[in-house]
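Chemist: Submitted below is the structure of interest, expressed as structure tokens.
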Amino acid sequence: MFSFTKEQKIFEISGVKIGGQPGNLPTVLFGGFFFKGEPYFDTAKQQIKDMYILSNKTGNPVIPDFFIKKEENLEKIIEFIIKEIPKNKPFSVDIIEPDLKIKTLEILSNKNLLKRTVYNSIHIGTTNEERQTLKKHIPEMAIVVAFNPKDKSPDGKIEVLENSAHLLDKGLLDIVKEVGVKKILIDTAALAPGNYSGAAIAAIPVIKEEYGYPTGCAIHNVVEKSSWLKNFEDSRGIVDVASNINIPVFGGDFAIFGPVERANQVFPIVAWEDILISEYTENYFGITPDNFHPRRKFFE
Amino acid sequence: MENQYYPWDGEFITCKYNSCVAVVLLNIKYNPPNTVAIYGSLKTENIGIEKIVANTISNPYIRYILLCGDEIRGHRSGSSLISLSENGIDKNHRIINAPGAIPYIENLDEKALERFQKQIKIVDMIGEKNKIKIDKKIDELLKKSLSSFGKSYIAIRIIPKTTKIYDKRALHSKIFIDYLGKIKKRGE
């Protein structure tokens with residue numbers, strides 16, 4: 001447990017604050033919807049409600065993360081967001097296909113949702129057309145993925161933020177500045193086991209000390225891609241859930257924890273770690289936990 | 001012993017090492033017959049493709065890669081593999097005309113890619129999930145019984161230079177933790 005010398009930025013979106021020194025704000029949890037198969041709206045409706053209840057119980061803010069993979073589902077998912085996510089709360093859209101990202105931005109803009117949107121994500125595959133669209137329809141917050149195919153180490157992740165490893169005309173941070181997104185989260189790009197997967201965790205304090213930006217990752221991806229865990233299928237779930245605590249331990253600010261089905265376990269385990277960190281950092285570094293921090297809940 | 005032909009780790013099953021067919025599974029649940037050399041799934045249009053290249057040119061008996069199952073949305077990994085075979089990479093190591101989001105080949109050298117283009121022919125069955133049709137195509141390819149491409153080519157994984165740190169307080173080459181538990185940038 002430690003504290004950073006560099007001033008740490010805190011960004012807010014629709015009441016959710018992310019970033020800061022370890023022990024100040026709770027870890028923000030992104031719970032994923034619609035990764036597999038067709039969107040299951042009825043189940044998702046209840047899962048969202050349950051996740052907000054968990055968030056209230058533990059103190060960890062939640063941002064529902066909607067995976068949009070087909071154009072034919074786009075409008076339906078946006079309508080679902082409008083209907084089911086309270087108007088004062090944020091959400092994120094996770095899209096891979098560049099054309100679909102553009103269409104999504106346009107619809108979010110038409111529906112006046114950009115102020116509540118976390119755009120997931122800007123990376124070295126971001127196209128010029130996408131950049132032009134982002135300039136016209138600026139989301140409130142964006143996740144910048146520090147994936148560098150040339151170098152997966154923390155240095156490589158810094159390189160891609162600085163100069164995009166020379167794969168694009170400028171670095172990812174300059175692209176974010178160019179398109180006008182003011183609030184950014186750095187995702188340290190967790191890769192499969194065997195691909196320097198630990199670097200996603202090691203990079204968290206490096207990036208936070210370098211830039212002071214809120215930083216985190218989807219470390220559960222490493223577990224999901226592990227074939228070694230096939231030898232321990234009963235344990236895969238708990239390994240997946242537990243892997244998230246690496247993020248706050250290394251000073252990180254948010255965890256994209258994967259399928260929402262794991263929320264019941266992820267919220268208490270991460271809240272518990274936030275409590276441990278806060279106890280130490282308040283006593284040792286004088287970092288006061290926020291009013292809604294899990295440690296406050298602990299004494300209620 | 002047969003795994004000497006597949007030096008890069010990954011999720012794959014090896015069968016008959018001197019078969020001329022490798023099968024790449026996209027979105028499909030299917031086990032090819034054990035008459036193929038190797039099969040496994042492809043997810044990403046960068047690291048995933050690199051592993052397929054390395055683990056097919058290493059076995060000179062493999063002359064065909066059959067791609068089957070629905071394309072991976074967003075990543076478009078199957079189509080990106082076809083683009084690599086047809087067009088190679090540009091000066092930024094991007095696969096030319098690949099439709100995937102981040103189709104960069106960074107851990108293989110040009111010789112390995114040239115070898116891949118010469119040794120392997122891609123059989124495009126992207127979108128096909130009918131197991132009978134795929135089995136039939138595999139049989140057809142096996143009957144062609146192409147000869148070995150010669151010597152095995154072991155692709156060396158390009159690894160970036162690392163910084164060795166002798167400072168025991170260092171968490172990383174860029175930061176260290178001081179005796180008060182403060183993280184600081186090194187050299188400042």
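Identifiers for the structure tokens are assigned positionally: chains receive A, B, ... in sequence, residues are indexed from 1 per chain, and ligands are indexed from 1 in the order shown.
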What residues in chain A have any atom no more than 7 Å from chain B when counting only C-alpha atoms, and can you write them as a compact mmCIF listing (two decimals) with N, CA and C atoms, in the first residue's frame?

Modeler:
# COMPACT_ATOMS: atom_id res chain seq x y z
N PHE A 2 0.51 2.17 -0.83
CA PHE A 2 1.41 3.30 -1.02
C PHE A 2 0.63 4.55 -1.42
N SER A 3 1.36 5.58 -1.67
CA SER A 3 0.77 6.85 -2.06
C SER A 3 1.60 7.41 -3.21
N PHE A 4 0.98 8.21 -4.06
CA PHE A 4 1.71 8.74 -5.21
C PHE A 4 2.22 10.15 -4.94
N THR A 5 3.37 10.45 -5.52
CA THR A 5 3.93 11.80 -5.41
C THR A 5 3.21 12.74 -6.39
N LYS A 69 -22.29 -5.52 -30.31
CA LYS A 69 -21.52 -6.18 -31.36
C LYS A 69 -22.21 -6.20 -32.72
N ILE A 96 -16.24 -2.86 -30.59
CA ILE A 96 -14.96 -3.12 -31.27
C ILE A 96 -15.00 -2.58 -32.71
N GLU A 97 -16.08 -2.88 -33.43
CA GLU A 97 -16.19 -2.55 -34.85
C GLU A 97 -16.17 -1.02 -35.07
N ILE A 124 -5.11 2.05 -30.51
CA ILE A 124 -4.37 2.25 -31.76
C ILE A 124 -5.13 1.81 -33.00
N GLY A 125 -6.25 1.14 -32.81
CA GLY A 125 -7.08 0.77 -33.95
C GLY A 125 -8.12 1.83 -34.27
N PRO A 149 1.12 -3.46 -29.52
CA PRO A 149 1.48 -4.78 -30.04
C PRO A 149 2.99 -5.00 -30.12
N LYS A 150 3.77 -3.90 -30.12
CA LYS A 150 5.23 -4.04 -30.22
C LYS A 150 5.86 -4.37 -28.88
N ASP A 151 5.26 -3.87 -27.81
CA ASP A 151 5.89 -4.00 -26.50
C ASP A 151 4.80 -4.01 -25.43
N LEU A 167 2.57 3.96 -34.66
CA LEU A 167 1.62 3.26 -35.53
C LEU A 167 0.56 4.22 -36.05
N VAL A 206 2.85 2.79 -12.44
CA VAL A 206 3.75 3.50 -13.35
C VAL A 206 2.98 4.61 -14.07
N GLU A 209 1.76 7.40 -11.64
CA GLU A 209 2.82 8.32 -11.23
C GLU A 209 3.28 9.19 -12.41
N SER A 227 -6.13 -21.41 -20.41
CA SER A 227 -6.48 -22.81 -20.64
C SER A 227 -5.98 -23.67 -19.48

Chemist: Find the residues near segment 30-39 of chain A: any atom within 6 Å, counting only C-alpha atoms, skip ones fewer than 2 places away on the same chain, and give them as a list of chain:residue names.

Modeler: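 Residues meeting the cut-off are A:Phe41, A:Val62, A:Ile63, A:Pro64, A:Asp65, A:Phe66, A:Phe67, A:Ile256, A:Phe257, A:Gly258, A:Pro259, A:Val260.
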
Chemist: Please give the complete set of residues from segment 51-276 of chain A that DSSP, run on the backbone, assigns to helix (DSSP H, G or I), formatted as number ranges by chain.

Modeler: A: 51-58, 71-84, 98-110, 114-116, 128-136, 154-166, 172-179, 199-211, 220-224, 228-243, 246-249, 260-276

Chemist: So which bits of segment 63-146 of chain A end up strand (DSSP E) when you DSSP the backbone, as number ranges by chain?

Modeler: A: 63-67, 91-94, 117-122, 141-145

Chemist: Using only C-alpha atoms, pick whichever of A:Glu162, A:Asp290, A:Glu72, A:Asp42 has the shortest atom-to-atom distance to Val176 of chain A.

Modeler: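 Among the listed residues, the smallest separation from Val176 of chain A belongs to A:Glu162.
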
Chemist: Select, from B:Gly69, B:Tyr153, B:Asn97, B:Leu113, the residue with the minimum atom-to-atom distance to Tyr6 of chain B, counting only C-alpha atoms.

Modeler: B:Tyr153

Chemist: Figure out the distance between atom CA of Ile275 of chain A and atom CA of Arg186 of chain B, please, to one decimal in Å.

Modeler: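 Pair atom CA of Arg186 of chain B / atom CA of Ile275 of chain A returns 29.6 Å.
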
Chemist: For a quick check of understanding, using only C-alpha atoms, which of A:Ala242, A:Leu229, A:Met1, A:Leu114 has the smallest distance to His137 of chain A?

Modeler: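 Nearest candidate to His137 of chain A out of A:Ala242, A:Leu229, A:Met1, A:Leu114: A:Leu114.
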
Chemist: List the spatial neighbours of Arg63 of chain B as JSON, numbers by chain - criterion: any atom at most 12 Å away, only C-alpha atoms, same-chain residues fewer than 2 positions off excluded.

Modeler: {"B": [17, 18, 19, 20, 21, 22, 23, 36, 37, 38, 53, 56, 57, 58, 59, 60, 61, 65, 66, 115, 116, 117, 118, 119, 120, 121, 122, 123, 141, 142, 144, 145, 146, 147, 148, 149, 150]}

Chemist: Given the choices B:Asp124, B:Glu50, B:Asp90, B:Glu45, which gets closest to Ser77 of chain B if the distance is worked out from only C-alpha atoms?

Modeler: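 Closest to Ser77 of chain B of all the choices is B:Glu45.
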
Chemist: Need to verify the contact set: Glu79 of chain A, 12 Å, only C-alpha atoms, exclusion of same-chain residues closer than 3 positions in sequence. Can you return it as a count of residues only?

Modeler: 13
